[in-house]
$ cat query.txt   # compact mmCIF, C-alpha atoms
# COMPACT_ATOMS: atom_id res chain seq x y z
CA MET Y 1 -10.05 14.95 10.48
CA SER Y 2 -12.40 15.09 13.46
CA PRO Y 3 -11.06 13.38 16.61
CA TYR Y 4 -14.33 11.44 16.88
CA ALA Y 5 -14.02 10.14 13.32
CA LEU Y 6 -10.36 9.29 13.89
CA SER Y 7 -11.17 7.36 17.07
CA ILE Y 8 -13.90 5.38 15.25
CA ILE Y 9 -11.51 4.58 12.38
CA MET Y 10 -8.70 3.44 14.69
CA SER Y 11 -11.15 1.37 16.75
CA SER Y 12 -12.42 -0.25 13.55
CA LEU Y 13 -8.85 -1.10 12.52
CA ALA Y 14 -8.21 -2.75 15.88
CA THR Y 15 -11.59 -4.53 15.85
CA GLY Y 16 -11.07 -5.92 12.35
CA THR Y 17 -7.69 -7.41 13.21
CA MET Y 18 -8.89 -8.82 16.54
CA LEU Y 19 -11.98 -10.32 14.87
CA THR Y 20 -9.79 -12.14 12.35
CA LEU Y 21 -7.40 -13.36 15.04
CA ALA Y 22 -10.18 -14.63 17.31
CA SER Y 23 -12.39 -16.27 14.68
CA ASN Y 24 -12.55 -19.97 13.93
CA HIS Y 25 -14.90 -19.54 10.96
CA TRP Y 26 -13.78 -18.40 7.52
CA PHE Y 27 -16.69 -15.99 7.08
CA MET Y 28 -15.91 -14.19 10.36
CA ALA Y 29 -12.23 -13.98 9.40
CA TRP Y 30 -13.22 -12.51 6.02
CA MET Y 31 -15.44 -9.95 7.78
CA GLY Y 32 -12.47 -8.88 9.91
CA LEU Y 33 -10.30 -8.43 6.81
CA GLU Y 34 -13.02 -6.36 5.15
CA LEU Y 35 -13.42 -4.18 8.24
CA ASN Y 36 -9.67 -3.55 8.18
CA THR Y 37 -9.77 -2.55 4.52
CA LEU Y 38 -12.75 -0.21 4.85
CA ALA Y 39 -11.37 1.44 8.01
CA ILE Y 40 -8.01 2.48 6.54
CA ILE Y 41 -9.40 4.04 3.33
CA PRO Y 42 -10.60 7.26 5.09
CA LEU Y 43 -7.11 7.61 6.58
CA MET Y 44 -5.66 7.39 3.07
CA THR Y 45 -7.91 10.08 1.61
CA LYS Y 46 -7.82 12.58 4.47
CA THR Y 47 -5.09 14.69 2.77
CA HIS Y 48 -7.41 15.52 -0.20
CA HIS Y 49 -4.61 15.16 -2.74
CA PRO Y 50 -4.98 13.47 -6.17
CA ARG Y 51 -2.11 11.12 -5.37
CA ALA Y 52 -3.81 10.07 -2.11
CA THR Y 53 -7.06 9.44 -3.98
CA GLU Y 54 -5.20 7.36 -6.55
CA ALA Y 55 -3.48 5.36 -3.79
CA ALA Y 56 -6.79 4.72 -2.00
CA THR Y 57 -8.43 3.60 -5.26
CA LYS Y 58 -5.60 1.19 -6.10
CA TYR Y 59 -5.62 -0.19 -2.56
CA PHE Y 60 -9.39 -0.68 -2.56
CA LEU Y 61 -9.42 -2.48 -5.93
CA MET Y 62 -6.57 -4.83 -5.00
CA GLN Y 63 -7.98 -5.59 -1.55
CA ALA Y 64 -11.47 -6.16 -3.00
CA LEU Y 65 -10.04 -8.64 -5.52
CA ALA Y 66 -8.06 -10.41 -2.79
CA SER Y 67 -11.10 -10.54 -0.49
CA ALA Y 68 -13.22 -12.00 -3.30
CA MET Y 69 -10.62 -14.72 -3.86
CA ILE Y 70 -10.47 -15.51 -0.14
CA LEU Y 71 -14.27 -15.71 0.15
CA PHE Y 72 -14.57 -17.80 -3.02
CA SER Y 73 -11.82 -20.23 -1.92
CA SER Y 74 -13.32 -20.67 1.56
CA THR Y 75 -16.79 -21.21 0.05
CA MET Y 76 -15.37 -23.77 -2.39
CA ASN Y 77 -13.64 -25.56 0.48
CA ALA Y 78 -16.88 -25.59 2.48
CA TRP Y 79 -18.70 -26.99 -0.58
CA PHE Y 80 -16.23 -29.86 -0.98
CA MET Y 81 -15.31 -30.56 2.67
CA GLY Y 82 -18.58 -29.66 4.39
CA GLU Y 83 -17.25 -27.24 7.04
CA TRP Y 84 -16.02 -23.67 7.46
CA GLU Y 85 -13.24 -24.35 9.97
CA ILE Y 86 -10.12 -22.26 9.31
CA THR Y 87 -7.78 -25.12 10.20
CA ASN Y 88 -9.53 -27.56 7.82
CA MET Y 89 -8.48 -26.08 4.47
CA SER Y 90 -7.77 -29.36 2.70
CA HIS Y 91 -8.95 -28.94 -0.89
CA PRO Y 92 -5.87 -28.20 -3.08
CA ILE Y 93 -7.56 -25.72 -5.46
CA SER Y 94 -9.13 -23.82 -2.56
CA THR Y 95 -5.80 -23.73 -0.74
CA ALA Y 96 -3.95 -22.39 -3.79
CA MET Y 97 -6.58 -19.67 -4.35
CA LEU Y 98 -6.49 -18.73 -0.67
CA THR Y 99 -2.70 -18.48 -0.72
CA ILE Y 100 -2.85 -16.15 -3.74
CA GLY Y 101 -5.58 -14.03 -2.10
CA LEU Y 102 -3.61 -13.62 1.14
CA ALA Y 103 -0.43 -12.90 -0.84
CA MET Y 104 -2.27 -10.11 -2.67
CA LYS Y 105 -3.41 -8.66 0.64
CA LEU Y 106 0.12 -8.76 2.06
CA GLY Y 107 1.92 -7.56 -1.08
CA ILE Y 108 4.01 -10.70 -1.63
CA ALA Y 109 5.57 -10.97 -5.11
CA PRO Y 110 4.39 -11.47 -7.83
CA PHE Y 111 1.29 -9.72 -6.42
CA HIS Y 112 3.27 -6.75 -5.11
CA MET Y 113 2.78 -4.12 -7.82
CA TRP Y 114 0.26 -2.07 -5.85
CA LEU Y 115 2.30 -1.66 -2.66
CA PRO Y 116 5.02 0.88 -3.70
CA ASP Y 117 2.54 3.12 -5.55
CA VAL Y 118 0.05 3.05 -2.69
CA LEU Y 119 2.64 3.88 -0.02
CA GLN Y 120 4.04 6.71 -2.14
CA GLY Y 121 0.66 8.44 -2.16
CA LEU Y 122 0.11 8.35 1.62
CA ASN Y 123 1.42 10.33 4.57
CA LEU Y 124 3.97 8.70 6.85
CA LEU Y 125 1.54 7.75 9.63
CA THR Y 126 -0.79 5.93 7.24
CA CYS Y 127 2.26 4.27 5.65
CA LEU Y 128 3.24 3.04 9.11
CA ILE Y 129 -0.21 1.52 9.71
CA LEU Y 130 -0.31 -0.07 6.24
CA SER Y 131 3.21 -1.52 6.58
CA THR Y 132 2.75 -2.99 10.07
CA TRP Y 133 -0.76 -3.36 11.49
CA GLN Y 134 -2.41 -4.32 8.20
CA LYS Y 135 0.05 -7.24 7.80
CA ILE Y 136 -0.99 -8.96 11.03
CA ALA Y 137 -4.37 -10.49 10.13
CA PRO Y 138 -3.45 -12.03 6.71
CA MET Y 139 -0.14 -13.38 8.01
CA ILE Y 140 -1.77 -14.95 11.08
CA LEU Y 141 -4.30 -16.65 8.79
CA MET Y 142 -1.41 -18.10 6.75
CA ILE Y 143 0.28 -19.29 9.96
CA GLN Y 144 -2.96 -20.96 11.11
CA ILE Y 145 -3.24 -23.07 7.93
CA TYR Y 146 0.51 -23.56 7.32
CA SER Y 147 0.26 -27.37 7.26
CA GLN Y 148 -2.20 -27.30 4.32
CA LEU Y 149 -0.29 -24.79 2.20
CA ASN Y 150 1.65 -25.71 -0.94
CA ALA Y 151 5.33 -25.48 0.02
CA ASN Y 152 6.55 -25.18 -3.58
CA LEU Y 153 4.25 -22.22 -4.26
CA LEU Y 154 5.42 -20.48 -1.09
CA ILE Y 155 9.10 -21.03 -1.93
CA VAL Y 156 8.64 -19.58 -5.43
CA MET Y 157 6.87 -16.53 -4.00
CA ALA Y 158 9.61 -16.16 -1.36
CA ILE Y 159 12.41 -16.17 -3.95
CA LEU Y 160 10.52 -13.67 -6.12
CA SER Y 161 9.78 -11.43 -3.13
CA THR Y 162 13.35 -11.23 -1.85
CA THR Y 163 14.73 -10.67 -5.36
CA ILE Y 164 12.14 -8.08 -6.44
CA GLY Y 165 12.21 -6.40 -3.02
CA GLY Y 166 15.96 -5.90 -3.32
CA TRP Y 167 16.07 -5.13 -7.03
CA GLY Y 168 13.16 -2.68 -6.99
CA GLY Y 169 14.60 -0.55 -4.20
CA LEU Y 170 17.97 0.03 -5.84
CA ASN Y 171 17.00 3.02 -8.02
CA GLN Y 172 14.54 4.64 -5.59
CA THR Y 173 15.05 8.01 -3.89
CA GLN Y 174 11.63 8.18 -2.19
CA LEU Y 175 11.79 6.74 1.32
CA ARG Y 176 8.21 5.43 1.22
CA LYS Y 177 8.91 3.39 -1.92
CA ILE Y 178 12.14 2.09 -0.39
CA MET Y 179 10.22 0.97 2.70
CA ALA Y 180 7.62 -0.69 0.44
CA TYR Y 181 10.30 -2.76 -1.31
CA SER Y 182 11.86 -3.47 2.09
CA SER Y 183 8.46 -4.83 3.19
CA ILE Y 184 8.28 -7.08 0.11
CA ALA Y 185 11.76 -8.47 0.80
CA HIS Y 186 10.99 -9.17 4.47
CA LEU Y 187 7.72 -10.87 3.51
CA GLY Y 188 9.78 -13.17 1.29
CA TRP Y 189 11.79 -14.36 4.31
CA MET Y 190 8.58 -14.93 6.28
CA THR Y 191 6.99 -16.88 3.42
CA LEU Y 192 10.08 -19.03 2.93
CA VAL Y 193 10.05 -20.64 6.37
CA LEU Y 194 6.25 -20.65 6.84
CA CYS Y 195 5.68 -24.31 5.91
CA PHE Y 196 8.64 -25.59 7.93
CA MET Y 197 8.61 -23.55 11.15
CA PRO Y 198 5.71 -21.07 11.48
CA SER Y 199 6.99 -19.81 14.83
CA LEU Y 200 9.98 -18.35 12.97
CA THR Y 201 7.58 -16.55 10.62
CA LEU Y 202 5.85 -15.03 13.64
CA LEU Y 203 9.22 -14.01 15.12
CA ASN Y 204 10.29 -12.42 11.83
CA LEU Y 205 6.96 -10.57 11.56
CA THR Y 206 7.41 -9.19 15.09
CA MET Y 207 10.96 -8.03 14.40
CA TYR Y 208 9.96 -6.51 11.06
CA MET Y 209 7.07 -4.59 12.64
CA MET Y 210 9.32 -3.31 15.40
CA MET Y 211 12.06 -2.06 13.04
CA THR Y 212 9.61 -0.58 10.52
CA THR Y 213 7.73 1.25 13.28
CA VAL Y 214 10.97 2.80 14.49
CA MET Y 215 11.98 3.86 10.96
CA PHE Y 216 8.65 5.54 10.19
CA MET Y 217 8.64 7.26 13.59
CA MET Y 218 12.09 8.69 12.86
CA PHE Y 219 10.98 9.75 9.36
CA MET Y 220 8.05 11.59 10.95
CA ASN Y 221 10.30 13.15 13.59
CA THR Y 222 12.76 14.48 11.01
CA MET Y 223 10.04 15.13 8.36
CA SER Y 224 11.98 13.08 5.80
CA THR Y 225 10.32 11.73 2.67
CA THR Y 226 13.33 11.53 0.32
CA ILE Y 227 16.96 10.52 0.70
CA ASN Y 228 18.03 14.17 0.27
CA LYS Y 229 15.81 15.30 3.15
CA MET Y 230 17.05 12.39 5.25
CA ALA Y 231 20.65 13.47 4.59
CA MET Y 232 19.86 16.83 6.22
CA SER Y 233 18.55 15.17 9.38
CA TRP Y 234 22.10 15.09 10.77
CA LEU Y 235 22.03 18.90 10.96
CA LYS Y 236 18.61 18.93 12.63
CA ASN Y 237 18.99 16.05 15.07
CA PRO Y 238 22.35 14.23 15.24
CA VAL Y 239 21.16 11.66 17.79
CA MET Y 240 18.15 10.74 15.67
CA ALA Y 241 20.31 10.48 12.54
CA ALA Y 242 22.78 8.15 14.28
CA SER Y 243 19.90 5.99 15.54
CA MET Y 244 18.39 5.92 12.05
CA MET Y 245 21.66 4.65 10.62
CA ILE Y 246 21.83 1.80 13.16
CA VAL Y 247 18.20 0.77 12.60
CA LEU Y 248 18.85 0.70 8.84
CA MET Y 249 21.68 -1.75 9.47
CA SER Y 250 19.27 -3.81 11.54
CA LEU Y 251 16.73 -3.82 8.69
CA GLY Y 252 19.50 -5.05 6.39
CA GLY Y 253 20.24 -7.93 8.77
CA LEU Y 254 23.82 -7.04 9.71
CA PRO Y 255 25.19 -8.57 12.93
CA PRO Y 256 25.18 -7.78 15.82
CA THR Y 257 21.83 -6.00 15.37
CA THR Y 258 18.40 -7.47 16.03
CA GLY Y 259 17.61 -7.87 12.32
CA PHE Y 260 20.33 -10.49 11.96
CA MET Y 261 18.58 -12.86 14.38
CA PRO Y 262 15.52 -13.94 12.28
CA LYS Y 263 17.63 -14.28 9.10
CA TRP Y 264 20.17 -16.40 10.97
CA LEU Y 265 17.49 -18.69 12.41
CA ILE Y 266 15.68 -19.00 9.06
CA ILE Y 267 18.90 -19.91 7.22
CA GLN Y 268 19.67 -22.48 9.92
CA GLU Y 269 16.19 -24.03 9.67
CA MET Y 270 16.21 -24.15 5.86
CA THR Y 271 19.64 -25.81 5.91
CA LYS Y 272 18.23 -28.46 8.23
CA GLN Y 273 15.48 -29.07 5.64
CA ASN Y 274 18.20 -29.78 2.99
CA LEU Y 275 17.21 -26.71 0.96
CA THR Y 276 20.71 -25.28 0.77
CA ALA Y 277 20.47 -24.01 -2.83
CA ILE Y 278 17.24 -22.09 -2.17
CA THR Y 279 18.67 -20.69 1.06
CA THR Y 280 21.77 -19.49 -0.81
CA ILE Y 281 19.64 -17.73 -3.44
CA ILE Y 282 17.56 -16.00 -0.75
CA ALA Y 283 20.66 -14.96 1.21
CA LEU Y 284 22.36 -13.56 -1.90
CA SER Y 285 19.23 -11.67 -2.97
CA SER Y 286 19.10 -10.01 0.46
CA LEU Y 287 22.42 -8.36 -0.43
CA LEU Y 288 20.46 -6.21 -2.89
CA SER Y 289 18.34 -4.89 -0.02
CA LEU Y 290 21.45 -4.39 2.08
CA PHE Y 291 22.93 -2.22 -0.67
CA PHE Y 292 20.18 0.41 -0.56
CA TYR Y 293 20.15 0.36 3.25
CA LEU Y 294 23.89 1.09 3.14
CA ARG Y 295 23.28 3.84 0.58
CA MET Y 296 20.76 5.46 2.93
CA SER Y 297 23.19 5.15 5.84
CA TYR Y 298 25.93 6.69 3.70
CA SER Y 299 23.73 9.66 2.83
CA ILE Y 300 23.00 10.21 6.56
CA SER Y 301 26.47 9.83 8.00
CA LEU Y 302 29.05 10.61 5.32
CA THR Y 303 27.48 13.45 3.35
CA THR Y 304 26.61 16.96 4.47
CA SER Y 305 23.86 18.71 2.53
CA PRO Y 306 24.15 22.46 1.89
CA ASN Y 307 22.19 24.31 4.53
CA ILE Y 308 21.66 28.07 4.68
CA SER Y 309 20.19 28.25 8.18
CA ASN Y 310 21.89 27.53 11.47
CA THR Y 311 19.76 24.57 12.61
CA PHE Y 312 22.42 22.49 14.32
CA SER Y 313 21.14 23.36 17.80
CA VAL Y 314 17.43 22.95 17.02
CA TRP Y 315 17.40 19.35 18.26
CA ARG Y 316 18.37 20.54 21.75
CA GLN Y 317 15.62 23.15 21.88
CA ASN Y 318 12.85 20.93 20.48
CA ASN Y 319 13.77 17.75 22.31
CA LYS Y 320 10.36 16.21 23.09
CA ASN Y 321 9.54 13.18 25.18
CA GLN Y 322 10.77 10.30 23.05
CA THR Y 323 10.83 7.50 25.62
CA PHE Y 324 8.81 5.09 23.48
CA MET Y 325 10.95 5.70 20.41
CA SER Y 326 14.15 5.25 22.43
CA MET Y 327 12.89 1.95 23.81
CA MET Y 328 11.93 0.73 20.32
CA ILE Y 329 15.35 1.74 18.95
CA ILE Y 330 17.06 -0.30 21.67
CA LEU Y 331 14.85 -3.32 20.96
CA SER Y 332 15.45 -2.96 17.21
CA THR Y 333 19.21 -3.05 17.59
CA LEU Y 334 20.27 -4.91 20.74
CA MET Y 335 18.15 -8.10 20.98
CA LEU Y 336 20.68 -10.47 19.41
CA PRO Y 337 22.11 -11.68 22.80
CA ILE Y 338 18.72 -13.19 23.75
CA THR Y 339 18.74 -15.46 20.67
CA PRO Y 340 19.39 -18.68 22.70
CA THR Y 341 16.38 -17.91 24.89
CA LEU Y 342 14.17 -17.37 21.81
CA ILE Y 343 15.43 -20.62 20.27
CA ASN Y 344 14.37 -22.53 23.39
CA ILE Y 345 10.95 -20.84 23.29
CA LEU Y 346 10.45 -21.60 19.58
CA ASN Y 347 11.45 -25.23 19.99

$ encode --input "query.txt" --output "structure tokens"
Amino acid sequence: MSPYALSIIMSSLATGTMLTLASNHWFMAWMGLELNTLAIIPLMTKTHHPRATEAATKYFLMQALASAMILFSSTMNAWFMGEWEITNMSHPISTAMLTIGLAMKLGIAPFHMWLPDVLQGLNLLTCLILSTWQKIAPMILMIQIYSQLNANLLIVMAILSTTIGGWGGLNQTQLRKIMAYSSIAHLGWMTLVLCFMPSLTLLNLTMYMMMTTVMFMMFMNTMSTTINKMAMSWLKNPVMAASMMIVLMSLGGLPPTTGFMPKWLIIQEMTKQNLTAITTIIALSSLLSLFFYLRMSYSISLTTSPNISNTFSVWRQNNKNQTFMSMMIILSTLMLPITPTLINILN
């Protein structure tokens, strides 16, 4: 792809998200979401592969349906309430339709079916953008109108997301599909606490984006797309493989890594809301996700793939400047000690 075209596409992605974040009018927010959708489709199809074309088509159809629902719900709310303010989404039918539309854009269960297939057809860089940057605008819109959302609907979607996100990733060997189901499970945790403490949802989104960015950067560095290829990364780059194993534990939410912090705070908040049974179901369903993270860590650290070439010293010869990745790895694993400070900020 031409550098000029790539710069225009990346600028459009940034502009679409910023337009949605800065707007106070539903039509402007919808325009930002549409700009985001249209900007990423050329990135999806730049490999000229039938699977990439299929992924782009599925993504476009699902996002078009979600955008239509968002525009229709905001128009219906303006018809009944007389204004287009984002924070004044008071009509119950409009609010329910908007929640479903944003859930389809994010890939929250039961509107998740498109996400694993779409990610599987893309290259790792586009997967990174779709899994992180494209989640910002719809989630911020949900945070802005959290007080008008239906809590029961969100809790049902959260339970389905954590369960399906864990269950769906169990029999996968493709890393992109595993990361898609990981995204669905993390979105379930964000959705669960949205109505009760939206600042925790924002914290969880930030931590998820940080850990997912690190994982995709390491996949790109080791050129891993399947668990078998990832298992050989220990021979190519032992330091990267060890870091990958630790970040996987952080994604699973094991203490004392960073990923444990948002889960801990969400469980604490939900217990305060006297929703102990729902919290227990969510916590138990996250064990399913933890299982496939552990399986990936096992394949990295405790198995040695057959290798006919002597590539053990390649990582020393091709050691590039990885300052940003090193910093992100540290943040993704060692932020648990600052939890008291974050609690004071959130409260």

$ closest_residue --input "query.txt" --among "Y:Leu119, Y:Asn228, Y:Met240, Y:Met142" --to "Y:Met325" --atoms "all atoms listed in the file"
Y:Met240

$ closest_residue --input "query.txt" --among "Y:Ile108, Y:Ala52, Y:Met327, Y:Leu288" --to "Y:Val156" --atoms "all atoms listed in the file"
Y:Ile108

$ residues_around --input "query.txt" --residues "stretch 194-210 of chain Y" --least-positions-apart "4" --cutoff "9 Å" --atoms "only C-alpha atoms" --output "JSON, numbers by chain"
{"Y": [131, 132, 133, 135, 136, 139, 140, 142, 143, 144, 146, 147, 148, 149, 150, 151, 154, 183, 186, 187, 189, 190, 214, 215, 251, 258, 259, 261, 262, 263, 265, 266, 269, 270, 273, 328, 329, 331, 332, 342, 346, 347]}

$ atom_distance --input "query.txt" --atom1 "atom CA of Y:Gln63" --atom2 "atom CA of Y:Thr37"
7.0 Å

$ axis_aligned_box --input "query.txt" --around "stretch 291-294 of chain Y" --padding-each-side "5 Å" --output "JSON"
{"center_x": 22.0, "center_y": -0.6, "center_z": 1.3, "size_x": 13.7, "size_y": 13.3, "size_z": 13.9}

$ residues_around --input "query.txt" --residues "Y:Ser94" --least-positions-apart "5" --cutoff "7 Å" --atoms "only C-alpha atoms" --output "list in words"
Ser73, Ser74, Met76 and Asn77 of chain Y

$ write_last_selection --input "query.txt" --atoms "C-alpha atoms" --output "PDB file, in the frame of the given file"
ATOM      1  CA  SER Y  73     -11.820 -20.230  -1.920  1.00  0.00           C
ATOM      2  CA  SER Y  74     -13.320 -20.670   1.560  1.00  0.00           C
ATOM      3  CA  MET Y  76     -15.370 -23.770  -2.390  1.00  0.00           C
ATOM      4  CA  ASN Y  77     -13.640 -25.560   0.480  1.00  0.00           C
TER       5      ASN Y  77
END

$ closest_residue --input "query.txt" --among "Y:Leu153, Y:Ala39, Y:Ile184, Y:Leu65" --to "Y:Gly166" --atoms "only C-alpha atoms"
Y:Ile184

$ closest_residue --input "query.txt" --among "Y:Leu141, Y:Leu254, Y:Leu175, Y:Met1" --to "Y:Met223" --atoms "all atoms listed in the file"
Y:Leu175

$ closest_residue --input "query.txt" --among "Y:Ile164, Y:Ala64, Y:Ile40, Y:Leu124" --to "Y:Phe216" --atoms "only C-alpha atoms"
Y:Leu124

$ residues_near_point --input "query.txt" --point "(20.2, -18.2, -4.0)" --cutoff "12 Å" --atoms "all atoms listed in the file" --output "list in words"
Ile155, Val156, Ala158, Ile159, Leu160, Thr162, Thr163, Ile267, Leu275, Thr276, Ala277, Ile278, Thr279, Thr280, Ile281, Ile282, Ala283, Leu284, Ser285, Ser286 and Leu287 of chain Y

$ write_last_selection --input "query.txt" --atoms "C-alpha atoms" --output "tab-separated table (two decimals), keeping the file's coordinate frame"
chain	number	residue	atom	x	y	z
Y	155	ILE	CA	9.10	-21.03	-1.93
Y	156	VAL	CA	8.64	-19.58	-5.43
Y	158	ALA	CA	9.61	-16.16	-1.36
Y	159	ILE	CA	12.41	-16.17	-3.95
Y	160	LEU	CA	10.52	-13.67	-6.12
Y	162	THR	CA	13.35	-11.23	-1.85
Y	163	THR	CA	14.73	-10.67	-5.36
Y	267	ILE	CA	18.90	-19.91	7.22
Y	275	LEU	CA	17.21	-26.71	0.96
Y	276	THR	CA	20.71	-25.28	0.77
Y	277	ALA	CA	20.47	-24.01	-2.83
Y	278	ILE	CA	17.24	-22.09	-2.17
Y	279	THR	CA	18.67	-20.69	1.06
Y	280	THR	CA	21.77	-19.49	-0.81
Y	281	ILE	CA	19.64	-17.73	-3.44
Y	282	ILE	CA	17.56	-16.00	-0.75
Y	283	ALA	CA	20.66	-14.96	1.21
Y	284	LEU	CA	22.36	-13.56	-1.90
Y	285	SER	CA	19.23	-11.67	-2.97
Y	286	SER	CA	19.10	-10.01	0.46
Y	287	LEU	CA	22.42	-8.36	-0.43

$ residues_near_point --input "query.txt" --point "(-10.6, -9.0, 3.9)" --cutoff "8 Å" --atoms "all atoms listed in the file" --output "list in words"
Ala29, Trp30, Met31, Gly32, Leu33, Glu34, Leu35, Asn36, Thr37, Gln63, Ala64, Ala66, Ser67, Ile70 and Lys105 of chain Y

$ closest_residue --input "query.txt" --among "Y:Thr191, Y:Thr75, Y:Asn344, Y:Gln268" --to "Y:Thr95" --atoms "all atoms listed in the file"
Y:Thr75

$ atom_distance --input "query.txt" --atom1 "atom CA of Y:Ala242" --atom2 "atom CA of Y:Met335"
18.2 Å

$ atom_distance --input "query.txt" --atom1 "atom CA of Y:Thr17" --atom2 "atom CA of Y:Gln134"
7.9 Å

$ decode --input "query.txt" --residues "stretch 148-154 of chain Y" --atoms "all heavy atoms" --output "compact mmCIF listing (two decimals), in the first residue's frame"
# COMPACT_ATOMS: atom_id res chain seq x y z
N GLN Y 148 -28.48 5.66 31.83
CA GLN Y 148 -29.74 5.37 31.16
C GLN Y 148 -29.84 3.92 30.65
O GLN Y 148 -30.87 3.52 30.12
CB GLN Y 148 -29.95 6.31 29.96
CG GLN Y 148 -30.39 7.71 30.33
CD GLN Y 148 -29.23 8.67 30.46
OE1 GLN Y 148 -28.21 8.47 29.84
NE2 GLN Y 148 -29.39 9.70 31.27
N LEU Y 149 -28.75 3.17 30.77
CA LEU Y 149 -28.74 1.81 30.22
C LEU Y 149 -29.51 0.84 31.11
O LEU Y 149 -29.64 1.06 32.32
CB LEU Y 149 -27.30 1.32 30.03
CG LEU Y 149 -26.46 2.10 29.02
CD1 LEU Y 149 -25.04 1.54 28.97
CD2 LEU Y 149 -27.08 2.04 27.63
N ASN Y 150 -30.00 -0.23 30.50
CA ASN Y 150 -30.71 -1.28 31.23
C ASN Y 150 -29.70 -2.22 31.89
O ASN Y 150 -28.98 -2.96 31.20
CB ASN Y 150 -31.61 -2.05 30.24
CG ASN Y 150 -32.52 -3.02 30.95
OD1 ASN Y 150 -32.25 -3.45 32.07
ND2 ASN Y 150 -33.63 -3.38 30.31
N ALA Y 151 -29.64 -2.20 33.21
CA ALA Y 151 -28.64 -2.98 33.93
C ALA Y 151 -28.83 -4.48 33.73
O ALA Y 151 -27.85 -5.22 33.60
CB ALA Y 151 -28.69 -2.63 35.43
N ASN Y 152 -30.08 -4.94 33.69
CA ASN Y 152 -30.32 -6.37 33.51
C ASN Y 152 -29.82 -6.87 32.15
O ASN Y 152 -29.23 -7.95 32.05
CB ASN Y 152 -31.81 -6.68 33.66
CG ASN Y 152 -32.31 -6.42 35.07
OD1 ASN Y 152 -31.57 -6.62 36.03
ND2 ASN Y 152 -33.54 -5.94 35.19
N LEU Y 153 -30.06 -6.07 31.11
CA LEU Y 153 -29.58 -6.44 29.78
C LEU Y 153 -28.06 -6.51 29.75
O LEU Y 153 -27.48 -7.45 29.18
CB LEU Y 153 -30.09 -5.42 28.75
CG LEU Y 153 -29.66 -5.62 27.29
CD1 LEU Y 153 -30.14 -6.96 26.75
CD2 LEU Y 153 -30.17 -4.47 26.43
N LEU Y 154 -27.40 -5.55 30.39
CA LEU Y 154 -25.94 -5.54 30.41
C LEU Y 154 -25.39 -6.74 31.17
O LEU Y 154 -24.38 -7.34 30.78
CB LEU Y 154 -25.43 -4.24 31.02
CG LEU Y 154 -25.64 -2.96 30.20
CD1 LEU Y 154 -25.11 -1.75 30.95
CD2 LEU Y 154 -24.95 -3.06 28.85
